[in-house]
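*Asks:* My file is data_38.txt. It has compact mmCIF, C-alpha atoms and all ligand atoms:
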# COMPACT_ATOMS: atom_id res chain seq x y z
CA VAL A 1 23.68 -21.89 -5.16
CA ILE A 2 21.34 -18.98 -4.56
CA LEU A 3 18.20 -18.64 -2.47
CA LYS A 4 15.29 -18.22 -4.86
CA ARG A 5 12.67 -17.12 -2.34
CA TYR A 6 12.06 -16.93 1.39
CA VAL A 7 10.87 -20.14 3.01
CA THR A 8 8.09 -20.34 5.58
CA ARG A 9 7.66 -24.08 6.21
CA PHE A 10 9.50 -27.19 5.06
CA PRO A 11 12.09 -26.17 2.44
CA SER A 12 12.16 -27.67 -1.04
CA GLU A 13 14.96 -27.93 -3.58
CA ASP A 14 13.01 -25.45 -5.67
CA ASP A 15 13.63 -22.75 -3.03
CA MET A 16 17.25 -22.77 -4.18
CA GLU A 17 18.82 -22.61 -7.62
CA VAL A 18 22.20 -23.47 -9.09
CA VAL A 19 23.24 -20.69 -11.46
CA ALA A 20 26.35 -19.99 -13.51
CA CYS A 21 28.26 -16.73 -13.57
CA THR A 22 31.84 -15.59 -14.07
CA ALA A 23 34.15 -15.38 -11.06
CA ARG A 24 36.73 -12.60 -10.78
CA LEU A 25 39.91 -13.93 -9.25
CA ALA A 26 41.55 -10.56 -8.56
CA VAL A 27 41.10 -8.80 -5.20
CA PRO A 28 40.11 -5.12 -5.35
CA ALA A 29 43.26 -2.97 -5.45
CA GLY A 30 44.47 -1.93 -2.02
CA SER A 31 42.03 -4.16 -0.13
CA ALA A 32 42.90 -6.85 2.43
CA ALA A 33 40.43 -9.27 0.84
CA VAL A 34 41.22 -12.78 -0.35
CA VAL A 35 39.74 -14.83 -3.18
CA VAL A 36 39.42 -18.51 -2.31
CA LYS A 37 38.63 -21.70 -4.20
CA ASN A 38 36.14 -23.58 -2.06
CA LEU A 39 36.96 -27.24 -1.45
CA TYR A 40 34.17 -28.27 0.94
CA VAL A 41 31.09 -26.43 2.18
CA SER A 42 28.99 -27.36 5.17
CA CYS A 43 25.26 -28.14 5.29
CA ASP A 44 24.01 -26.82 8.63
CA PRO A 45 20.56 -26.83 10.23
CA TYR A 46 20.88 -23.13 11.17
CA MET A 47 20.89 -22.26 7.45
CA ARG A 48 17.17 -23.00 7.38
CA THR A 49 16.57 -20.30 10.01
CA CYS A 50 18.32 -17.80 7.69
CA MET A 51 15.98 -18.69 4.82
CA THR A 52 13.00 -17.09 6.55
CA LYS A 53 12.49 -13.35 6.47
CA HIS A 54 12.52 -12.10 10.06
CA GLU A 55 10.63 -9.01 11.15
CA GLU A 56 12.70 -8.82 14.35
CA PRO A 57 16.50 -9.16 13.90
CA ASN A 58 17.55 -12.84 13.88
CA TYR A 59 20.75 -14.05 15.60
CA LEU A 60 22.33 -14.21 12.12
CA PRO A 61 21.52 -12.14 9.02
CA ASP A 62 18.74 -13.54 6.82
CA PHE A 63 19.80 -14.85 3.43
CA VAL A 64 18.63 -12.64 0.57
CA PRO A 65 16.77 -14.03 -2.47
CA GLY A 66 19.04 -13.90 -5.50
CA GLU A 67 22.20 -14.05 -3.38
CA VAL A 68 24.56 -16.94 -2.76
CA LEU A 69 23.97 -19.11 0.32
CA MET A 70 26.70 -19.00 2.96
CA SER A 71 28.04 -21.50 5.47
CA ASN A 72 31.41 -22.52 6.82
CA GLY A 73 33.74 -24.19 4.39
CA VAL A 74 37.28 -25.28 3.69
CA SER A 75 39.04 -23.23 1.04
CA ARG A 76 42.39 -22.63 -0.66
CA VAL A 77 43.57 -19.06 -1.15
CA VAL A 78 43.90 -18.13 -4.83
CA THR A 79 44.69 -14.41 -4.61
CA SER A 80 45.37 -12.37 -1.50
CA GLY A 81 45.63 -8.74 -0.52
CA HIS A 82 45.93 -9.72 3.14
CA PRO A 83 49.36 -9.80 4.81
CA ASP A 84 48.54 -12.98 6.80
CA PHE A 85 47.26 -15.06 3.89
CA LYS A 86 49.09 -16.07 0.72
CA ALA A 87 48.10 -18.00 -2.38
CA GLY A 88 47.97 -21.71 -1.60
CA ASP A 89 47.11 -21.33 2.11
CA LEU A 90 44.37 -23.60 3.39
CA LEU A 91 41.79 -22.03 5.66
CA TRP A 92 38.32 -22.59 7.04
CA GLY A 93 35.57 -20.14 7.90
CA PRO A 94 32.44 -18.55 6.40
CA THR A 95 32.28 -18.81 2.63
CA GLY A 96 29.78 -19.01 -0.23
CA TRP A 97 28.08 -22.01 -1.77
CA GLU A 98 30.02 -21.35 -4.97
CA GLU A 99 33.30 -22.37 -6.55
CA TYR A 100 35.19 -19.14 -5.80
CA THR A 101 34.44 -16.57 -3.09
CA LEU A 102 35.74 -13.09 -2.47
CA ILE A 103 36.17 -12.84 1.31
CA THR A 104 36.40 -9.26 2.49
CA ASN A 105 36.39 -9.95 6.24
CA THR A 106 38.86 -12.63 7.30
CA ASP A 107 38.51 -11.96 11.04
CA ILE A 108 36.89 -15.34 11.71
CA HIS A 109 38.89 -17.44 9.29
CA PHE A 110 41.45 -19.88 10.61
CA LYS A 111 44.45 -21.33 8.82
CA ILE A 112 44.44 -25.12 8.86
CA ASN A 113 47.22 -26.23 11.19
CA HIS A 114 46.91 -29.96 10.52
CA PRO A 115 46.70 -30.50 6.75
CA GLU A 116 47.73 -34.11 7.40
CA MET A 117 44.19 -34.73 8.69
CA PRO A 118 41.35 -35.20 6.17
CA LEU A 119 40.64 -31.60 5.09
CA SER A 120 36.90 -32.27 5.09
CA TYR A 121 37.06 -32.64 8.91
CA TYR A 122 37.51 -28.85 9.04
CA THR A 123 34.08 -28.28 7.45
CA GLY A 124 31.63 -26.52 9.75
CA MET A 125 32.07 -26.28 13.49
CA PRO A 126 30.34 -29.36 14.94
CA GLY A 127 33.37 -30.47 16.93
CA LEU A 128 33.87 -27.11 18.61
CA THR A 129 30.12 -26.94 19.26
CA ALA A 130 30.19 -30.32 20.98
CA TYR A 131 33.32 -29.43 22.97
CA ALA A 132 32.05 -26.03 24.12
CA GLY A 133 28.54 -27.21 24.91
CA PHE A 134 29.61 -30.32 26.75
CA PHE A 135 32.58 -29.06 28.77
CA ASP A 136 31.79 -25.37 29.20
CA VAL A 137 28.00 -25.44 29.48
CA ALA A 138 27.14 -28.93 30.79
CA ARG A 139 30.30 -29.27 32.94
CA PRO A 140 30.31 -33.07 33.26
CA LYS A 141 31.65 -35.18 36.09
CA LYS A 142 32.87 -38.74 35.79
CA GLY A 143 30.06 -41.24 36.30
CA GLU A 144 27.23 -38.88 35.38
CA CYS A 145 24.33 -39.95 33.16
CA VAL A 146 24.27 -38.15 29.80
CA PHE A 147 21.55 -38.12 27.15
CA VAL A 148 22.18 -36.78 23.61
CA SER A 149 19.49 -36.25 20.95
CA ALA A 150 20.21 -36.30 17.19
CA ALA A 151 23.11 -38.32 18.53
CA SER A 152 24.48 -39.73 15.28
CA GLY A 153 24.67 -36.30 13.64
CA ALA A 154 27.64 -34.00 13.29
CA VAL A 155 27.50 -32.55 16.80
CA GLY A 156 25.87 -35.47 18.59
CA GLN A 157 28.47 -38.10 17.64
CA ILE A 158 31.27 -35.97 19.12
CA VAL A 159 29.33 -35.13 22.29
CA GLY A 160 28.73 -38.82 22.92
CA GLN A 161 32.38 -39.74 22.42
CA LEU A 162 33.63 -36.87 24.61
CA ALA A 163 31.18 -38.01 27.29
CA LYS A 164 32.54 -41.56 27.13
CA LEU A 165 36.12 -40.24 27.38
CA THR A 166 35.02 -38.34 30.50
CA GLY A 167 33.77 -41.57 32.08
CA CYS A 168 30.04 -40.90 31.77
CA TYR A 169 27.15 -43.27 31.04
CA VAL A 170 25.88 -42.14 27.63
CA VAL A 171 22.65 -42.81 25.75
CA GLY A 172 21.62 -41.30 22.43
CA SER A 173 18.48 -41.06 20.37
CA ALA A 174 18.36 -41.14 16.58
CA GLY A 175 15.78 -41.54 13.84
CA SER A 176 16.63 -44.91 12.29
CA ASP A 177 17.77 -48.38 13.32
CA GLU A 178 20.90 -47.93 11.21
CA LYS A 179 21.82 -44.82 13.20
CA VAL A 180 21.04 -46.55 16.51
CA SER A 181 23.38 -49.36 15.58
CA LEU A 182 26.11 -46.84 14.63
CA LEU A 183 25.80 -45.17 18.03
CA LYS A 184 26.41 -48.42 19.86
CA THR A 185 28.96 -50.10 17.62
CA LYS A 186 31.02 -47.20 16.21
CA PHE A 187 30.71 -44.36 18.72
CA GLY A 188 30.63 -46.49 21.89
CA PHE A 189 27.37 -45.19 23.39
CA ASP A 190 26.16 -47.35 26.29
CA GLY A 191 22.65 -47.35 24.87
CA ALA A 192 20.58 -45.87 22.05
CA PHE A 193 17.01 -45.86 20.82
CA ASN A 194 15.07 -44.96 17.69
CA TYR A 195 12.77 -42.17 18.86
CA LYS A 196 10.53 -42.63 15.82
CA LYS A 197 9.59 -46.10 17.06
CA GLU A 198 8.80 -45.01 20.64
CA HIS A 199 5.18 -44.03 21.21
CA ASP A 200 6.02 -42.79 24.74
CA LEU A 201 9.32 -40.84 24.99
CA ASN A 202 8.99 -40.55 28.76
CA ALA A 203 8.85 -44.36 29.07
CA ALA A 204 11.81 -44.75 26.70
CA LEU A 205 13.93 -42.40 28.80
CA LYS A 206 12.93 -44.19 32.02
CA ARG A 207 14.08 -47.48 30.48
CA PHE A 208 17.61 -46.11 29.96
CA PHE A 209 17.74 -43.72 32.93
CA PRO A 210 15.83 -45.33 35.81
CA ASP A 211 17.56 -42.90 38.22
CA GLY A 212 17.29 -39.86 35.96
CA ILE A 213 19.50 -37.78 33.65
CA ASP A 214 22.34 -35.54 34.87
CA ILE A 215 23.12 -33.92 31.52
CA TYR A 216 20.94 -33.47 28.47
CA PHE A 217 22.67 -32.21 25.31
CA ASP A 218 19.66 -30.90 23.42
CA ASN A 219 19.91 -30.82 19.63
CA VAL A 220 16.20 -31.10 18.86
CA GLY A 221 13.91 -29.30 21.36
CA GLY A 222 10.15 -30.03 21.08
CA ALA A 223 8.59 -33.22 22.44
CA MET A 224 11.94 -34.77 23.34
CA LEU A 225 12.91 -31.78 25.47
CA ASP A 226 9.54 -31.99 27.23
CA ALA A 227 10.04 -35.68 28.01
CA VAL A 228 13.61 -35.09 29.21
CA LEU A 229 12.56 -32.29 31.56
CA ILE A 230 10.54 -34.66 33.74
CA ASN A 231 13.41 -37.16 33.81
CA MET A 232 16.15 -34.77 34.94
CA ARG A 233 17.93 -35.40 38.22
CA MET A 234 18.45 -32.81 40.95
CA HIS A 235 21.01 -30.18 39.88
CA GLY A 236 21.12 -31.54 36.34
CA ARG A 237 22.26 -29.43 33.36
CA ILE A 238 20.72 -28.98 29.95
CA ALA A 239 23.04 -27.65 27.23
CA ALA A 240 20.60 -26.05 24.77
CA CYS A 241 22.42 -26.46 21.47
CA GLY A 242 19.62 -26.45 18.89
CA HIS A 243 15.92 -27.07 18.27
CA ILE A 244 15.93 -28.69 14.85
CA SER A 245 12.44 -30.14 15.36
CA GLN A 246 11.10 -26.57 15.36
CA TYR A 247 12.96 -24.90 12.48
CA ASN A 248 10.32 -25.67 9.84
CA LEU A 249 7.29 -24.71 11.95
CA GLU A 250 5.70 -21.32 11.52
CA VAL A 251 4.70 -21.39 15.19
CA PRO A 252 7.04 -23.36 17.50
CA GLU A 253 5.44 -26.01 19.73
CA GLY A 254 5.03 -25.18 23.38
CA VAL A 255 7.21 -26.80 26.06
CA HIS A 256 5.07 -27.86 29.01
CA ASN A 257 7.38 -29.22 31.69
CA LEU A 258 9.62 -26.24 32.41
CA PHE A 259 8.56 -26.26 36.08
CA SER A 260 10.92 -29.25 36.45
CA LEU A 261 13.77 -26.74 36.12
CA VAL A 262 12.53 -25.19 39.35
CA THR A 263 11.74 -28.29 41.37
CA LYS A 264 14.89 -30.20 40.32
CA ARG A 265 17.14 -27.09 40.47
CA VAL A 266 18.21 -27.76 36.87
CA ARG A 267 20.36 -25.28 34.96
CA MET A 268 19.34 -24.98 31.30
CA GLU A 269 21.75 -22.83 29.32
CA GLY A 270 21.87 -21.94 25.65
CA PHE A 271 25.14 -21.33 23.87
CA MET A 272 26.44 -20.34 20.44
CA VAL A 273 29.63 -21.80 19.06
CA LEU A 274 30.42 -18.35 17.62
CA ASP A 275 31.31 -17.27 21.15
CA TYR A 276 34.00 -19.92 21.45
CA HIS A 277 36.43 -18.94 18.69
CA SER A 278 39.02 -18.09 21.35
CA LYS A 279 39.05 -21.77 22.38
CA TYR A 280 39.41 -23.04 18.81
CA ARG A 281 43.17 -23.68 18.77
CA MET A 282 43.01 -25.51 22.13
CA PHE A 283 40.15 -27.62 20.82
CA GLU A 284 41.93 -28.30 17.52
CA GLU A 285 45.04 -29.70 19.25
CA GLU A 286 43.01 -31.83 21.64
CA ILE A 287 40.69 -33.32 19.03
CA VAL A 288 43.49 -33.98 16.52
CA GLY A 289 45.27 -35.88 19.30
CA TYR A 290 42.16 -37.98 19.99
CA LEU A 291 41.67 -38.67 16.27
CA LYS A 292 45.29 -39.73 15.80
CA GLU A 293 45.16 -41.97 18.88
CA GLY A 294 41.93 -43.54 17.62
CA LYS A 295 40.05 -42.38 20.72
CA ILE A 296 37.50 -40.50 18.62
CA CYS A 297 36.17 -41.28 15.18
CA TYR A 298 34.19 -39.04 12.84
CA VAL A 299 31.52 -40.10 10.36
CA GLU A 300 30.78 -37.84 7.41
CA ASP A 301 28.09 -37.87 4.75
CA VAL A 302 29.58 -36.32 1.61
CA VAL A 303 27.83 -35.38 -1.62
CA ASP A 304 29.80 -34.40 -4.70
CA GLY A 305 29.08 -31.11 -6.45
CA LEU A 306 27.04 -27.99 -5.74
CA GLU A 307 24.11 -29.38 -7.77
CA LYS A 308 23.53 -31.85 -4.94
CA ALA A 309 23.87 -29.26 -2.17
CA PRO A 310 20.17 -28.17 -1.95
CA ALA A 311 18.94 -31.76 -1.53
CA ALA A 312 21.68 -32.44 1.01
CA LEU A 313 20.64 -29.41 3.06
CA ILE A 314 16.99 -30.46 3.03
CA GLY A 315 18.01 -33.99 4.00
CA LEU A 316 19.06 -32.68 7.43
CA PHE A 317 15.36 -32.19 8.19
CA THR A 318 14.27 -35.66 7.13
CA GLY A 319 17.22 -37.35 8.81
CA ARG A 320 18.64 -38.54 5.48
CA ASN A 321 22.19 -37.70 6.54
CA VAL A 322 24.28 -40.15 8.53
CA GLY A 323 26.97 -38.11 10.25
CA LYS A 324 28.28 -34.69 9.24
CA GLN A 325 26.67 -33.52 5.99
CA LEU A 326 28.99 -31.67 3.66
CA VAL A 327 29.46 -30.93 -0.02
CA ASN A 328 32.67 -31.82 -1.84
CA LEU A 329 33.67 -29.25 -4.47
CA LEU A 330 37.05 -30.77 -5.25
CA LYS A 331 35.78 -32.26 -8.48
CA THR A 332 34.21 -29.00 -9.75
P1 LIG B 1 22.93 -33.24 12.29
O1 LIG B 1 24.12 -33.75 11.59
O2 LIG B 1 22.55 -33.85 13.61
O3 LIG B 1 21.69 -33.34 11.28
C1 LIG B 1 20.43 -33.04 11.69
C2 LIG B 1 19.73 -34.28 12.30
O4 LIG B 1 18.65 -33.82 13.10
C3 LIG B 1 19.10 -35.17 11.27
O5 LIG B 1 19.98 -36.09 10.70
C4 LIG B 1 18.00 -35.85 12.08
O6 LIG B 1 18.55 -37.01 12.71
C5 LIG B 1 17.69 -34.84 13.19
N1 LIG B 1 16.35 -34.26 12.98
C6 LIG B 1 15.88 -33.64 11.88
N2 LIG B 1 14.60 -33.26 12.06
C7 LIG B 1 14.26 -33.68 13.32
C8 LIG B 1 13.06 -33.60 14.09
N3 LIG B 1 11.94 -33.02 13.61
N4 LIG B 1 13.06 -34.14 15.33
C9 LIG B 1 14.17 -34.74 15.81
N5 LIG B 1 15.33 -34.86 15.14
C10 LIG B 1 15.37 -34.32 13.90
O7 LIG B 1 23.05 -31.67 12.50
P2 LIG B 1 24.12 -30.92 13.41
O8 LIG B 1 24.84 -31.88 14.25
O9 LIG B 1 24.89 -30.00 12.53
O10 LIG B 1 23.20 -30.00 14.34
C11 LIG B 1 22.53 -30.57 15.45
C12 LIG B 1 21.85 -29.45 16.23
O11 LIG B 1 22.84 -28.56 16.74
C13 LIG B 1 20.89 -28.60 15.41
O12 LIG B 1 19.78 -28.27 16.20
C14 LIG B 1 21.71 -27.34 15.11
O13 LIG B 1 20.90 -26.22 14.85
C15 LIG B 1 22.51 -27.24 16.39
N6 LIG B 1 23.76 -26.48 16.29
C16 LIG B 1 23.95 -25.47 17.20
C17 LIG B 1 25.10 -24.76 17.23
C18 LIG B 1 25.29 -23.70 18.27
O14 LIG B 1 26.24 -22.93 18.19
N7 LIG B 1 24.41 -23.64 19.27
C19 LIG B 1 26.17 -25.01 16.23
C20 LIG B 1 25.91 -26.14 15.36
C21 LIG B 1 24.72 -26.82 15.39
P3 LIG B 1 17.61 -38.25 13.13
O15 LIG B 1 17.59 -39.18 11.96
O16 LIG B 1 18.30 -38.78 14.32
O17 LIG B 1 16.24 -37.68 13.41
As structure tokens, please, write out the structure in this file.

*Replies:*
Amino acid sequence: VILKRYVTRFPSEDDMEVVACTARLAVPAGSAAVVVKNLYVSCDPYMRTCMTKHEEPNYLPDFVPGEVLMSNGVSRVVTSGHPDFKAGDLLWGPTGWEEYTLITNTDIHFKINHPEMPLSYYTGMPGLTAYAGFFDVARPKKGECVFVSAASGAVGQIVGQLAKLTGCYVVGSAGSDEKVSLLKTKFGFDGAFNYKKEHDLNAALKRFFPDGIDIYFDNVGGAMLDAVLINMRMHGRIAACGHISQYNLEVPEGVHNLFSLVTKRVRMEGFMVLDYHSKYRMFEEEIVGYLKEGKICYVEDVVDGLEKAPAALIGLFTGRNVGKQLVNLLKT
């Protein structure tokens, strides 16, 4: 799947194209590269930010028209020139939206230590994002009041469940009644609301948090962030994870209530999961334990085949996905 042209507003399937070409399965002689067969690739909101041409350097390289889109994926090594990887090894890390990828830099690729788990669970980094943002940035205490936006999504569902395991009161927002029901019945949130049905977000938050919010895990930014700011408690924390409501706007909306950070002594801190690779193995063991004990569950939204990948990516911005969106390439 290649990018056809740079995108300025809401992306369309036509901005991407599925093309055929021949893959070379040999690694260049003397190189430490590996060729992998991709099994799953991740659809991630950040990919949209790489589809715009940036005048100032972006936090990640822009995609280039005519070149293959990249995201994290789960792959099997086919050919290897690297001493640490051999044919047949399963790994996850950055890869192409294509059947086979030549990976020249394996520095941020991890071997899969628990192949007994569903391999698709290794697609993307939502779990590590949730773990790092919640524990390292928000630093929760038992009994605190936690609000999560885009709560039924890949990151949000794990944040909510980690918060419950920590003994917090947890409320999430999502964009459909089906997702709201999932939050309460499957993920164990104490409360949830459909933000698309609330004409006054401030009033909705006051209904669930009459005494205010200690921790806001922000996946969306925009109007929700503004409403949360005036509902924060003294010394609250905002883990700024993403601003998906802004990614398709040429000019981001303004945030008006930042003075609440001052008056309530709130710490708002952004973070990037890329900075937490050193904690990955610790996270992996902990989360696999929770999954095996049934203390955490994980909902995925899987489409089959690269032809469906562009629509799946765009669906992140209409809320079509329920849970972690990924593309299954096992049948290709
Ligand atoms: P999700 O699985 O949550 O999918 C995106 C969801 O966002 C949609 O399903 C939709 O849910 C919601 N959404 C889309 N458009 C809007 C909008 N205009 N306003 C409000 N909600 C909207 O994605 P992820 O869990 O992968 O990502 C969640 C956030 O975390 C994103 O902002 C992403 O960029 C960020 N992120 C940050 C990382 C970091 O290192 N800081 C790493 C990974 C992700 P609904 O139906 O509920 O509206």

*Asks:* For segment 232-249 of chain A, find every residue with an atom within 8 Å (counting only C-alpha atoms), except residues of its own chain fewer than 3 positions away, and show them as number ranges by chain.

*Replies:* A: 8-11, 45, 48-49, 133-134, 137-138, 211-222, 228-229, 252-253, 260, 264-272, 317

*Asks:* Closest to Gly124 of chain A among A:Phe63, A:Tyr46, A:Tyr100, A:Phe85, using only C-alpha atoms?

*Replies:*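 Looking only at the distances to Gly124 of chain A, the closest residue turns out to be A:Tyr46.
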
*Asks:* Counting all atoms listed in the file, which of A:Tyr290, A:Tyr40, A:Tyr298, A:Tyr280 gets nearest to Leu182 of chain A?

*Replies:*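 Of the candidates, the smallest distance to Leu182 of chain A is held by A:Tyr298.
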
*Asks:* Can you list, as a list in words, every protein, DNA or RNA residue that comes within 7 Å of Gly96 of chain A when you count all atoms listed in the file, leaving out same-chain residues fewer than 4 positions away?

*Replies:*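 The residues satisfying every condition are Val68, Leu69, Met70, Ser71 and Thr101 of chain A.
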
*Asks:* Provide the atom C3 of ligand LIG 1 (chain B) to atom CA of Val171 of chain A distance in Å, to one decimal place.

*Replies:* 16.8 Å

*Asks:* Tell me which of A:Val77, A:Val1, A:Ala150, A:Leu306 sits closest to ligand LIG 1 (chain B), counting all atoms listed in the file.

*Replies:*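 Looking at the shortest contact to ligand LIG 1 (chain B), the residue is A:Ala150.
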
*Asks:* Please identify all polymer residues lying at most 9 Å from the point (46.8, -18.0, 5.5) (file coordinates), using all atoms listed in the file, and present the result as a PyMOL selection string.

*Replies:* chain A and resi 76-77+82-91+109-112

*Asks:* So, with only C-alpha atoms and all ligand atoms as the atoms that count, which of A:Leu274, A:Val159, A:Val146, A:Ile314 lies closest to ligand LIG 1 (chain B)?

*Replies:* A:Leu274

*Asks:* Using all atoms listed in the file, pick whichever of A:Leu329, A:Cys145, A:Leu60, A:Val78 has the shortest atom-to-atom distance to Ala309 of chain A.

*Replies:*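 Ranking A:Leu329, A:Cys145, A:Leu60, A:Val78 by distance to Ala309 of chain A, first place goes to A:Leu329.
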
*Asks:* So the first atom is atom C12 of ligand LIG 1 (chain B) and the second is atom CA of Asp44 of chain A; what is the distance between them in Å, to one decimal place?

*Replies:* 8.3 Å

*Asks:* Got a sec: who's within 12 Å of Asn257 of chain A, counting all atoms listed in the file, leaving out chain neighbours fewer than 2 positions off, as JSON, numbers by chain?

*Replies:* {"A": [202, 222, 223, 224, 225, 226, 227, 228, 229, 230, 231, 232, 254, 255, 259, 260, 261, 262, 263, 264]}

*Asks:* Please tell me which residues are no farther than 9 Å from (29.8, -30.5, -4.7) in the file, counting all atoms listed in the file, and write them as a PyMOL selection string.

*Replies:* chain A and resi 39-41+302-309+326-332

*Asks:* Which of these residues is nearest to ligand LIG 1 (chain B), using only C-alpha atoms and all ligand atoms: A:Gln157, A:Ser12, A:Thr106, A:Ser120?

*Replies:* A:Gln157

*Asks:* Give me, as a JSON list (two decimals) with C-alpha atoms, in the frame of the given file, all polymer residues having an atom no more than 10 Å from Ser181 of chain A, counting all atoms listed in the file and skipping those fewer than 3 positions away in the same chain.

*Replies:*
[["chain", "number", "residue", "atom", "x", "y", "z"],
["A", 152, "SER", "CA", 24.48, -39.73, 15.28],
["A", 174, "ALA", "CA", 18.36, -41.14, 16.58],
["A", 176, "SER", "CA", 16.63, -44.91, 12.29],
["A", 177, "ASP", "CA", 17.77, -48.38, 13.32],
["A", 178, "GLU", "CA", 20.90, -47.93, 11.21],
["A", 184, "LYS", "CA", 26.41, -48.42, 19.86],
["A", 185, "THR", "CA", 28.96, -50.10, 17.62],
["A", 186, "LYS", "CA", 31.02, -47.20, 16.21],
["A", 187, "PHE", "CA", 30.71, -44.36, 18.72],
["A", 189, "PHE", "CA", 27.37, -45.19, 23.39],
["A", 191, "GLY", "CA", 22.65, -47.35, 24.87],
["A", 192, "ALA", "CA", 20.58, -45.87, 22.05],
["A", 193, "PHE", "CA", 17.01, -45.86, 20.82],
["A", 194, "ASN", "CA", 15.07, -44.96, 17.69]]

*Asks:* Any idea what the distance is between atom CA of Leu291 of chain A and atom N4 of ligand LIG 1 (chain B)?

*Replies:*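 Result for atom CA of Leu291 of chain A versus atom N4 of ligand LIG 1 (chain B): 29.0 Å, one decimal.
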
*Asks:* If we count all atoms listed in the file and set the cut-off at 8 Å, which residues sit around segment 2-7 of chain A, ignoring sequence neighbours fewer than 6 positions away in its own chain? Please answer as a list of chain:residue names.

*Replies:*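 Counting all atoms listed in the file, the residues come to A:Asp14, A:Asp15, A:Met16, A:Glu17, A:Val18, A:Val19, A:Met51, A:Thr52, A:Lys53, A:Phe63, A:Val64, A:Pro65, A:Gly66, A:Glu67, A:Val68, A:Leu69, A:Trp97.
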
*Asks:* Assuming 3 Å of padding per side, give the centre and edge lengths of the axis-aligned box around every listed atom of segment 129-135 of chain A, in Å to one decimal and as AutoDock Vina command-line options.

*Replies:*
--center_x 30.9 --center_y -28.2 --center_z 24.0 --size_x 10.8 --size_y 10.3 --size_z 15.5
